[in-house]
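Trainee: So that you have it, the file is work.txt, and it contains compact mmCIF, N, CA and C atoms and all ligand atoms:
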```
# COMPACT_ATOMS: atom_id res chain seq x y z
N MET A 1473 2.40 -3.01 -19.77
CA MET A 1473 1.87 -3.57 -18.54
C MET A 1473 2.80 -4.69 -18.07
N PRO A 1474 3.10 -4.73 -16.76
CA PRO A 1474 3.97 -5.80 -16.26
C PRO A 1474 3.28 -7.16 -16.36
N ASP A 1475 4.09 -8.21 -16.37
CA ASP A 1475 3.52 -9.56 -16.43
C ASP A 1475 2.73 -9.85 -15.16
N ALA A 1476 1.69 -10.68 -15.32
CA ALA A 1476 0.91 -11.10 -14.16
C ALA A 1476 1.76 -11.98 -13.26
N ILE A 1477 1.53 -11.85 -11.96
CA ILE A 1477 2.26 -12.64 -10.96
C ILE A 1477 1.26 -13.55 -10.27
N GLU A 1478 1.54 -14.83 -10.23
CA GLU A 1478 0.64 -15.77 -9.55
C GLU A 1478 0.75 -15.57 -8.04
N ALA A 1479 -0.42 -15.42 -7.40
CA ALA A 1479 -0.42 -15.18 -5.95
C ALA A 1479 -0.81 -16.41 -5.14
N GLY A 1480 -1.59 -17.32 -5.72
CA GLY A 1480 -1.98 -18.52 -4.99
C GLY A 1480 -3.43 -18.86 -5.18
N PRO A 1481 -3.84 -20.01 -4.65
CA PRO A 1481 -5.22 -20.46 -4.81
C PRO A 1481 -6.21 -19.51 -4.14
N VAL A 1482 -7.33 -19.29 -4.82
CA VAL A 1482 -8.39 -18.44 -4.27
C VAL A 1482 -8.82 -18.96 -2.89
N ALA A 1483 -8.91 -20.29 -2.77
CA ALA A 1483 -9.39 -20.89 -1.52
C ALA A 1483 -8.49 -20.57 -0.33
N ASP A 1484 -7.23 -20.25 -0.58
CA ASP A 1484 -6.30 -19.97 0.52
C ASP A 1484 -6.48 -18.57 1.10
N PHE A 1485 -7.09 -17.67 0.33
CA PHE A 1485 -7.17 -16.27 0.76
C PHE A 1485 -8.53 -15.97 1.38
N THR A 1486 -8.79 -16.56 2.50
CA THR A 1486 -10.01 -16.24 3.24
C THR A 1486 -9.83 -14.88 3.90
N PRO A 1487 -10.93 -14.23 4.33
CA PRO A 1487 -10.80 -12.91 4.96
C PRO A 1487 -9.78 -12.90 6.11
N GLY A 1488 -8.91 -11.92 6.08
CA GLY A 1488 -7.88 -11.77 7.11
C GLY A 1488 -6.56 -12.40 6.75
N VAL A 1489 -6.52 -13.21 5.68
CA VAL A 1489 -5.27 -13.85 5.28
C VAL A 1489 -4.37 -12.83 4.58
N LEU A 1490 -3.08 -12.89 4.88
CA LEU A 1490 -2.09 -11.97 4.32
C LEU A 1490 -0.86 -12.81 3.96
N ALA A 1491 -0.29 -12.55 2.79
CA ALA A 1491 0.89 -13.31 2.34
C ALA A 1491 1.82 -12.41 1.55
N GLY A 1492 3.08 -12.80 1.51
CA GLY A 1492 4.05 -12.09 0.68
C GLY A 1492 4.13 -12.76 -0.68
N VAL A 1493 3.97 -11.97 -1.72
CA VAL A 1493 4.06 -12.48 -3.10
C VAL A 1493 4.94 -11.52 -3.88
N ASP A 1494 6.13 -12.00 -4.25
CA ASP A 1494 7.07 -11.14 -4.96
C ASP A 1494 7.29 -9.87 -4.11
N ARG A 1495 7.14 -8.71 -4.67
CA ARG A 1495 7.37 -7.46 -3.93
C ARG A 1495 6.12 -6.93 -3.25
N PHE A 1496 5.09 -7.77 -3.12
CA PHE A 1496 3.80 -7.29 -2.64
C PHE A 1496 3.31 -8.05 -1.41
N ALA A 1497 2.55 -7.33 -0.59
CA ALA A 1497 1.76 -7.94 0.48
C ALA A 1497 0.37 -8.10 -0.10
N VAL A 1498 -0.09 -9.35 -0.14
CA VAL A 1498 -1.37 -9.67 -0.78
C VAL A 1498 -2.29 -10.20 0.30
N GLY A 1499 -3.51 -9.70 0.33
CA GLY A 1499 -4.41 -10.17 1.36
C GLY A 1499 -5.87 -9.96 1.03
N ASN A 1500 -6.68 -10.46 1.95
CA ASN A 1500 -8.12 -10.34 1.85
C ASN A 1500 -8.59 -9.45 2.99
N SER A 1501 -9.04 -8.26 2.61
CA SER A 1501 -9.51 -7.28 3.59
C SER A 1501 -11.03 -7.26 3.56
N ASN A 1502 -11.62 -7.94 4.52
CA ASN A 1502 -13.09 -7.99 4.61
C ASN A 1502 -13.74 -8.40 3.29
N GLY A 1503 -13.15 -9.38 2.64
CA GLY A 1503 -13.72 -9.92 1.41
C GLY A 1503 -13.19 -9.31 0.14
N GLU A 1504 -12.39 -8.25 0.24
CA GLU A 1504 -11.81 -7.61 -0.95
C GLU A 1504 -10.32 -7.91 -1.01
N MET A 1505 -9.88 -8.44 -2.14
CA MET A 1505 -8.46 -8.74 -2.30
C MET A 1505 -7.67 -7.47 -2.61
N PHE A 1506 -6.45 -7.41 -2.11
CA PHE A 1506 -5.57 -6.27 -2.38
C PHE A 1506 -4.14 -6.76 -2.54
N ALA A 1507 -3.35 -5.93 -3.19
CA ALA A 1507 -1.90 -6.16 -3.28
C ALA A 1507 -1.23 -4.80 -3.19
N VAL A 1508 -0.40 -4.62 -2.18
CA VAL A 1508 0.32 -3.36 -2.01
C VAL A 1508 1.82 -3.67 -1.85
N ALA A 1509 2.64 -2.71 -2.19
CA ALA A 1509 4.09 -2.86 -2.01
C ALA A 1509 4.35 -3.22 -0.55
N ARG A 1510 5.26 -4.18 -0.34
CA ARG A 1510 5.33 -4.77 1.00
C ARG A 1510 6.30 -4.11 1.96
N ARG A 1511 6.97 -3.04 1.57
CA ARG A 1511 7.88 -2.36 2.49
C ARG A 1511 7.21 -1.14 3.12
N CYS A 1512 7.18 -1.14 4.44
CA CYS A 1512 6.57 -0.02 5.16
C CYS A 1512 7.34 1.26 4.85
N ARG A 1513 6.62 2.35 4.70
CA ARG A 1513 7.24 3.64 4.41
C ARG A 1513 8.03 4.18 5.61
N HIS A 1514 7.81 3.63 6.79
CA HIS A 1514 8.51 4.12 7.97
C HIS A 1514 9.95 3.60 7.99
N LEU A 1515 10.16 2.33 8.34
CA LEU A 1515 11.51 1.78 8.41
C LEU A 1515 11.63 0.48 7.62
N MET A 1516 10.78 0.34 6.61
CA MET A 1516 10.91 -0.75 5.63
C MET A 1516 10.57 -2.15 6.16
N ALA A 1517 9.82 -2.24 7.23
CA ALA A 1517 9.39 -3.58 7.68
C ALA A 1517 8.62 -4.26 6.56
N ASP A 1518 8.63 -5.59 6.60
CA ASP A 1518 7.89 -6.36 5.61
C ASP A 1518 6.42 -6.40 6.01
N LEU A 1519 5.59 -5.68 5.27
CA LEU A 1519 4.17 -5.60 5.60
C LEU A 1519 3.46 -6.94 5.44
N ALA A 1520 4.07 -7.86 4.69
CA ALA A 1520 3.47 -9.19 4.55
C ALA A 1520 3.53 -9.96 5.87
N ASP A 1521 4.36 -9.50 6.81
CA ASP A 1521 4.42 -10.12 8.14
C ASP A 1521 3.47 -9.42 9.12
N GLY A 1522 2.71 -8.46 8.63
CA GLY A 1522 1.79 -7.73 9.49
C GLY A 1522 0.45 -8.44 9.63
N SER A 1523 -0.59 -7.65 9.74
CA SER A 1523 -1.92 -8.23 9.93
C SER A 1523 -2.96 -7.27 9.35
N ILE A 1524 -4.17 -7.78 9.25
CA ILE A 1524 -5.29 -6.96 8.78
C ILE A 1524 -6.22 -6.76 9.96
N ASP A 1525 -6.48 -5.49 10.29
CA ASP A 1525 -7.30 -5.23 11.48
C ASP A 1525 -8.79 -5.34 11.15
N ASP A 1526 -9.62 -5.14 12.16
CA ASP A 1526 -11.07 -5.30 11.99
C ASP A 1526 -11.65 -4.32 10.97
N ALA A 1527 -10.99 -3.16 10.81
CA ALA A 1527 -11.46 -2.16 9.85
C ALA A 1527 -10.96 -2.45 8.44
N GLY A 1528 -10.13 -3.49 8.30
CA GLY A 1528 -9.61 -3.84 6.98
C GLY A 1528 -8.31 -3.17 6.63
N CYS A 1529 -7.70 -2.46 7.59
CA CYS A 1529 -6.42 -1.80 7.34
C CYS A 1529 -5.27 -2.79 7.52
N LEU A 1530 -4.21 -2.58 6.76
CA LEU A 1530 -2.99 -3.37 6.89
C LEU A 1530 -2.12 -2.75 7.98
N THR A 1531 -1.76 -3.54 8.97
CA THR A 1531 -1.01 -3.05 10.12
C THR A 1531 0.43 -3.53 10.04
N CYS A 1532 1.36 -2.60 10.15
CA CYS A 1532 2.78 -2.93 10.09
C CYS A 1532 3.19 -3.77 11.30
N PRO A 1533 4.01 -4.81 11.09
CA PRO A 1533 4.39 -5.69 12.20
C PRO A 1533 5.36 -5.05 13.18
N TRP A 1534 6.08 -4.00 12.79
CA TRP A 1534 7.10 -3.45 13.68
C TRP A 1534 6.55 -2.38 14.62
N HIS A 1535 5.91 -1.36 14.11
CA HIS A 1535 5.49 -0.25 14.96
C HIS A 1535 4.03 0.12 14.81
N GLY A 1536 3.28 -0.75 14.15
CA GLY A 1536 1.82 -0.61 14.16
C GLY A 1536 1.23 0.46 13.26
N ALA A 1537 1.99 1.02 12.35
CA ALA A 1537 1.37 1.95 11.40
C ALA A 1537 0.30 1.20 10.63
N LYS A 1538 -0.73 1.91 10.24
CA LYS A 1538 -1.83 1.28 9.50
C LYS A 1538 -1.99 1.94 8.14
N TYR A 1539 -2.29 1.09 7.16
CA TYR A 1539 -2.47 1.55 5.78
C TYR A 1539 -3.86 1.21 5.27
N ASP A 1540 -4.43 2.16 4.53
CA ASP A 1540 -5.64 1.89 3.76
C ASP A 1540 -5.18 1.10 2.53
N VAL A 1541 -5.64 -0.11 2.37
CA VAL A 1541 -5.12 -0.96 1.29
C VAL A 1541 -5.67 -0.57 -0.08
N GLU A 1542 -6.74 0.21 -0.11
CA GLU A 1542 -7.26 0.67 -1.41
C GLU A 1542 -6.43 1.80 -1.96
N THR A 1543 -6.00 2.69 -1.08
CA THR A 1543 -5.29 3.89 -1.54
C THR A 1543 -3.79 3.79 -1.36
N GLY A 1544 -3.31 2.90 -0.48
CA GLY A 1544 -1.89 2.79 -0.16
C GLY A 1544 -1.41 3.87 0.79
N LYS A 1545 -2.35 4.66 1.34
CA LYS A 1545 -1.97 5.75 2.25
C LYS A 1545 -1.93 5.27 3.69
N MET A 1546 -0.98 5.80 4.46
CA MET A 1546 -0.93 5.52 5.89
C MET A 1546 -2.06 6.29 6.57
N VAL A 1547 -2.84 5.61 7.38
CA VAL A 1547 -3.95 6.26 8.06
C VAL A 1547 -3.69 6.39 9.56
N LEU A 1548 -2.68 5.68 10.06
CA LEU A 1548 -2.23 5.83 11.45
C LEU A 1548 -0.72 5.72 11.44
N GLY A 1549 -0.06 6.68 12.03
CA GLY A 1549 1.39 6.70 12.03
C GLY A 1549 1.99 5.63 12.91
N PRO A 1550 3.32 5.51 12.88
CA PRO A 1550 4.01 4.54 13.73
C PRO A 1550 3.66 4.75 15.20
N GLN A 1551 3.46 3.66 15.92
CA GLN A 1551 3.03 3.73 17.31
C GLN A 1551 4.22 3.50 18.25
N GLY A 1552 3.94 3.27 19.52
CA GLY A 1552 4.98 3.07 20.51
C GLY A 1552 5.76 4.36 20.70
N VAL A 1553 7.07 4.25 20.83
CA VAL A 1553 7.90 5.43 21.07
C VAL A 1553 7.78 6.45 19.94
N PHE A 1554 7.54 5.97 18.73
CA PHE A 1554 7.44 6.89 17.59
C PHE A 1554 6.19 7.77 17.66
N ALA A 1555 5.16 7.29 18.33
CA ALA A 1555 3.93 8.08 18.45
C ALA A 1555 4.14 9.31 19.32
N LYS A 1556 5.26 9.31 20.10
CA LYS A 1556 5.53 10.45 20.99
C LYS A 1556 6.30 11.56 20.29
N ILE A 1557 6.72 11.34 19.09
CA ILE A 1557 7.48 12.35 18.34
C ILE A 1557 6.48 13.28 17.66
N PRO A 1558 6.45 14.55 18.09
CA PRO A 1558 5.45 15.46 17.53
C PRO A 1558 5.54 15.56 16.01
N GLY A 1559 4.40 15.39 15.38
CA GLY A 1559 4.31 15.58 13.93
C GLY A 1559 4.75 14.40 13.09
N LEU A 1560 5.33 13.37 13.70
CA LEU A 1560 5.85 12.26 12.90
C LEU A 1560 4.73 11.53 12.15
N GLY A 1561 3.67 11.19 12.88
CA GLY A 1561 2.56 10.48 12.23
C GLY A 1561 1.95 11.32 11.12
N ALA A 1562 1.77 12.61 11.39
CA ALA A 1562 1.18 13.50 10.38
C ALA A 1562 2.09 13.58 9.16
N ALA A 1563 3.41 13.61 9.40
CA ALA A 1563 4.35 13.70 8.28
C ALA A 1563 4.26 12.45 7.39
N PHE A 1564 4.14 11.28 8.01
CA PHE A 1564 4.02 10.06 7.20
C PHE A 1564 2.70 10.01 6.46
N LYS A 1565 1.66 10.55 7.07
CA LYS A 1565 0.37 10.59 6.35
C LYS A 1565 0.49 11.48 5.11
N VAL A 1566 1.16 12.62 5.26
CA VAL A 1566 1.36 13.50 4.10
C VAL A 1566 2.24 12.81 3.07
N LEU A 1567 3.33 12.20 3.54
CA LEU A 1567 4.24 11.51 2.61
C LEU A 1567 3.49 10.46 1.79
N THR A 1568 2.68 9.66 2.47
CA THR A 1568 2.01 8.58 1.74
C THR A 1568 0.79 9.07 0.96
N SER A 1569 0.36 10.30 1.21
CA SER A 1569 -0.69 10.84 0.34
C SER A 1569 -0.06 11.26 -0.99
N ILE A 1570 1.24 11.59 -0.93
CA ILE A 1570 1.97 11.96 -2.16
C ILE A 1570 2.59 10.70 -2.79
N LEU A 1571 3.15 9.85 -1.94
CA LEU A 1571 3.80 8.62 -2.40
C LEU A 1571 3.17 7.41 -1.68
N PRO A 1572 1.95 7.06 -2.07
CA PRO A 1572 1.32 5.90 -1.42
C PRO A 1572 2.03 4.60 -1.78
N LEU A 1573 1.76 3.57 -1.03
CA LEU A 1573 2.27 2.25 -1.40
C LEU A 1573 1.80 1.91 -2.81
N GLY A 1574 2.70 1.32 -3.60
CA GLY A 1574 2.30 0.86 -4.92
C GLY A 1574 1.25 -0.23 -4.80
N ARG A 1575 0.38 -0.30 -5.75
CA ARG A 1575 -0.70 -1.28 -5.70
C ARG A 1575 -0.80 -2.02 -7.03
N ARG A 1576 -1.23 -3.27 -6.95
CA ARG A 1576 -1.52 -4.06 -8.16
C ARG A 1576 -2.95 -4.57 -8.03
N LYS A 1577 -3.58 -4.74 -9.18
CA LYS A 1577 -4.92 -5.31 -9.22
C LYS A 1577 -4.82 -6.81 -9.01
N VAL A 1578 -5.74 -7.37 -8.23
CA VAL A 1578 -5.78 -8.82 -8.00
C VAL A 1578 -6.98 -9.39 -8.74
N VAL A 1579 -6.72 -10.36 -9.60
CA VAL A 1579 -7.81 -10.97 -10.37
C VAL A 1579 -7.77 -12.49 -10.16
N ALA A 1580 -8.94 -13.09 -10.24
CA ALA A 1580 -9.06 -14.56 -10.11
C ALA A 1580 -9.28 -15.15 -11.49
N ARG A 1581 -8.49 -16.17 -11.79
CA ARG A 1581 -8.67 -16.94 -13.04
C ARG A 1581 -8.50 -18.42 -12.72
N ASP A 1582 -9.51 -19.19 -13.03
CA ASP A 1582 -9.44 -20.64 -12.86
C ASP A 1582 -9.00 -21.04 -11.44
N GLY A 1583 -9.56 -20.36 -10.46
CA GLY A 1583 -9.31 -20.74 -9.07
C GLY A 1583 -7.99 -20.24 -8.51
N THR A 1584 -7.31 -19.37 -9.24
CA THR A 1584 -6.02 -18.84 -8.78
C THR A 1584 -6.04 -17.31 -8.86
N TYR A 1585 -5.45 -16.67 -7.86
CA TYR A 1585 -5.31 -15.21 -7.91
C TYR A 1585 -4.01 -14.84 -8.61
N TYR A 1586 -4.11 -13.76 -9.38
CA TYR A 1586 -2.95 -13.19 -10.07
C TYR A 1586 -2.90 -11.70 -9.79
N LEU A 1587 -1.71 -11.15 -9.71
CA LEU A 1587 -1.51 -9.71 -9.61
C LEU A 1587 -1.27 -9.20 -11.00
N GLU A 1588 -2.05 -8.22 -11.41
CA GLU A 1588 -1.88 -7.64 -12.76
C GLU A 1588 -1.38 -6.21 -12.66
S1 LIG B 1601 8.48 0.01 10.12
FE1 LIG B 1601 6.33 0.08 9.81
S2 LIG B 1601 5.62 1.35 11.40
FE2 LIG B 1601 7.77 1.30 11.68
```
Write the structure described by the file as structure tokens, please.
Mentor:
Amino acid sequence: MPDAIEAGPVADFTPGVLAGVDRFAVGNSNGEMFAVARRCRHLMADLADGSIDDAGCLTCPWHGAKYDVETGKMVLGPQGVFAKIPGLGAAFKVLTSILPLGRRKVVARDGTYYLE
């Protein structure tokens, strides 16, 4: 098992907060903490610079792809000009169903979150 990575104080991660920690985007999605690999499967944008939408999905800052943070799968393909490319969004959904974003468990100990 990899070593635990300190993510920060529990008090800092209120719902909707997202931060970059090591190779992970760590956030609070509607009260549930998550940690997913921070490079978008599309063009490698830093997902830690994205946002968490009302449904709790992680939204890529560059082209708006959305990820289910529990599964690491893309649930909405890249938007804007990329949304006009037939099959592109579907292809990324298939890709991430096979190769979802890596995930780490987030645990709280003594008022601090750690990625395990
Ligand atoms: S880099 Fe993330 S949607 Fe394009």
Trainee: Per DSSP on the backbone, what are the strand (DSSP E or B) residues of chain A, as a VMD selection string?
Mentor: chain A and resid 1477 to 1481 1490 to 1493 1496 to 1501 1504 to 1509 1511 1518 1523 to 1524 1530 to 1531 1538 to 1539 1546 to 1548 1575 1578 to 1581 1584 to 1587
Trainee: Using only N, CA and C atoms and all ligand atoms, find each protein or nucleic acid residue lying at most 6 Å from ligand LIG 1601 (chain B); present the set as a PyMOL selection string.
Mentor: chain A and resi 1512-1517+1532-1537+1549-1551
Trainee: Give me the residues within 8 Å of Val1482 in chain A as a tab-separated table (two decimals) with N, CA and C atoms, in the coordinates of the input, counting all atoms listed in the file and dropping any in the same chain fewer than 4 places off.
Mentor:
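The file below, selection-v2.tsv, is the result:
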```tsv
chain	number	residue	atom	x	y	z
A	1486	THR	N	-8.79	-16.56	2.50
A	1486	THR	CA	-10.01	-16.24	3.24
A	1486	THR	C	-9.83	-14.88	3.90
A	1580	ALA	N	-8.94	-13.09	-10.24
A	1580	ALA	CA	-9.06	-14.56	-10.11
A	1580	ALA	C	-9.28	-15.15	-11.49
A	1581	ARG	N	-8.49	-16.17	-11.79
A	1581	ARG	CA	-8.67	-16.94	-13.04
A	1581	ARG	C	-8.50	-18.42	-12.72
A	1582	ASP	N	-9.51	-19.19	-13.03
A	1582	ASP	CA	-9.44	-20.64	-12.86
A	1582	ASP	C	-9.00	-21.04	-11.44
A	1583	GLY	N	-9.56	-20.36	-10.46
A	1583	GLY	CA	-9.31	-20.74	-9.07
A	1583	GLY	C	-7.99	-20.24	-8.51
A	1584	THR	N	-7.31	-19.37	-9.24
A	1584	THR	CA	-6.02	-18.84	-8.78
A	1584	THR	C	-6.04	-17.31	-8.86
A	1585	TYR	N	-5.45	-16.67	-7.86
A	1585	TYR	CA	-5.31	-15.21	-7.91
A	1585	TYR	C	-4.01	-14.84	-8.61
A	1586	TYR	N	-4.11	-13.76	-9.38
A	1586	TYR	CA	-2.95	-13.19	-10.07
A	1586	TYR	C	-2.90	-11.70	-9.79
```
Trainee: Tell me, as JSON, numbers by chain, which residues lie within 9 Å of Glu1542 in chain A, counting only C-alpha atoms; anything in the same chain fewer than 5 positions away does not count.
Mentor: {"A": [1506, 1507, 1508, 1575]}
Trainee: Taking 2 positions as the minimum chain separation for residues in the same chain, which residues sit within 8 Å of Val1498 in chain A when counting all atoms listed in the file? Answer as a ChimeraX atom specification.
Mentor: /A:1479,1485,1489-1496,1500-1501,1505-1510,1519-1520
Trainee: Figure out the distance between atom N of Arg1511 in chain A and atom N of Gly1574 in chain A, please, to one decimal in Å.
Mentor: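 Interatomic distance, atom N of Gly1574 in chain A to atom N of Arg1511 in chain A: 8.0 Å.
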Trainee: Give me, please, the distance in Å between atom N of Glu1478 in chain A and CA of Asp1521 in chain A, quoted to one decimal.
Mentor: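 Here the two named atoms are 19.2 Å from each other.
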